[in-house]
Every structure is written in C-alpha cells, then in structure tokens.
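Worksheet: one structure, shown below.
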Amino acid sequence: MERGSDEEDGETSRKKLRLSKDQSVILEESFKEHNTLNPKQKLALAKRLGLRPRQVEVWFQNRRARTKLKQTEVDCEFLKRCCENLTEENRRLQKEVQELRALKLSPQFYMQMTPPTTLTMCPSCERVGAPPSSSSGPTSTPMGQAQPRPMPFNLWANALHPRS
C-alpha cells in the first residue's frame, strides 16, 4: 500500500504534536533546568503534561537541535565579523608594507627629511615649549652652563592645560 493512502485514511498516519501554551511553558522550564532527561524525569514530565514519554523525548531532542543550530548561527556571525576585521587589517598592513618598501628603495627620501625638532618640557606644568629661536638669544650656550634636556611629555596634558 502507498504511504499517501495511509495518510488519507488517518488511521496509521502521524499527526504533528500540537502543544498547549501551558505544556510549552512547562517543557521550556524543564529544558532550562536540564536539557536532557533521565527515564524517570521523562516519565514524570509525560504524566504531568498528559503526553507519551516518547513525545517528551522527541520534543527535548528537537529543542536541543534548535539550541545548537541557534548557537552555531551566532558563532558563525561572530566569526564572519572577525574575518572581515582581520581582512581589513591585513589590507591595511599590506599597504603599509608597500609604502615602507617604497621608502626603503628611495634613498633620496632620507636626504629630503628635515631633522626632528627638539622640544623642551616645562617640568612644573608638563607643557611643551619650542626650543629658543635664534632671534631671542645666543644660539650656543656658554661653557659650563647646562642646556635644558628634552624631557618626555604627555601630548594630552596640553589639551587640558590652559595656555597663558
């Protein structure tokens, strides 16, 4: 006999289990406590809900499968974002490597660079001051007189420190 005819007469066909809201709530609460049931728990829950133990067992199997699928989707999205971020970082780093190689290959670049400026730091307020210019005084320090040493400074301190 064909399977279609079994379904038509309704005697041997399977019906999809439709749960009441109360049954669904109880099953969900039970699943939160234990996502697997031992035979005793399965029997007690089936009795409480008016279902066969096999129906409870299948519901739990399906619920575990849905939970696993949902977690897999979440993990997949996370990994996609990580991959996109790493791909972008890789592009940026490759571009930086190309720029550095180009600089290495052009020695005239080093000749065109201006020497770094020496900054002096006011020790009391951590404000950066430019070195004294040639118009404000002598360019060399007299013998025996100490020249102020450049000190490390905090770039953000200037933003908070009012200028006078």
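Scheme for the structure tokens: letters A, B, ... for chains in order shown; per-chain residue numbers from 1; ligand numbers from 1 in order shown.
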
Residue neighbourhood stretch 33-47 of chain A, 8 Å, only C-alpha atoms, exclusion window fewer than 4 positions, as a PDB file with N, CA and C atoms, in the first residue's frame:
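Output contents, as saved in out-v5.pdb:
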ATOM      1  N   GLU A  29      10.530  25.326  30.678  1.00  0.00           N
ATOM      2  CA  GLU A  29      11.088  25.452  32.035  1.00  0.00           C
ATOM      3  C   GLU A  29      11.906  24.211  32.389  1.00  0.00           C
ATOM      4  N   LEU A  51       1.162  13.539  28.039  1.00  0.00           N
ATOM      5  CA  LEU A  51       1.791  13.120  26.781  1.00  0.00           C
ATOM      6  C   LEU A  51       2.429  11.757  26.967  1.00  0.00           C
ATOM      7  N   ARG A  52       2.787  11.144  25.847  1.00  0.00           N
ATOM      8  CA  ARG A  52       3.532   9.890  25.926  1.00  0.00           C
ATOM      9  C   ARG A  52       4.998  10.221  26.177  1.00  0.00           C
ATOM     10  N   PRO A  53       5.743   9.371  26.877  1.00  0.00           N
ATOM     11  CA  PRO A  53       7.165   9.623  27.138  1.00  0.00           C
ATOM     12  C   PRO A  53       7.962   9.860  25.851  1.00  0.00           C
ATOM     13  N   GLN A  55       6.934  11.315  23.149  1.00  0.00           N
ATOM     14  CA  GLN A  55       6.672  12.676  22.679  1.00  0.00           C
ATOM     15  C   GLN A  55       7.554  13.687  23.441  1.00  0.00           C
ATOM     16  N   VAL A  56       7.687  13.455  24.732  1.00  0.00           N
ATOM     17  CA  VAL A  56       8.544  14.335  25.542  1.00  0.00           C
ATOM     18  C   VAL A  56       9.993  14.185  25.086  1.00  0.00           C
ATOM     19  N   GLU A  57      10.411  12.944  24.871  1.00  0.00           N
ATOM     20  CA  GLU A  57      11.784  12.665  24.429  1.00  0.00           C
ATOM     21  C   GLU A  57      12.083  13.367  23.099  1.00  0.00           C
ATOM     22  N   PHE A  60      12.395  17.153  23.470  1.00  0.00           N
ATOM     23  CA  PHE A  60      13.704  17.521  24.022  1.00  0.00           C
ATOM     24  C   PHE A  60      14.806  17.405  22.962  1.00  0.00           C
ATOM     25  N   ARG A  64      17.004  20.583  21.719  1.00  0.00           N
ATOM     26  CA  ARG A  64      18.469  20.601  21.752  1.00  0.00           C
ATOM     27  C   ARG A  64      19.032  20.929  20.369  1.00  0.00           C
TER      28      ARG A  64
END

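Across the structure, atom CA of A:Ile26 and atom CA of A:Leu49 are spaced 8.1 Å apart.
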
Counting only C-alpha atoms, the residue among A:Leu19, A:Leu27, A:Leu100, A:Leu79 that lies closest to A:Gln61 is A:Leu27
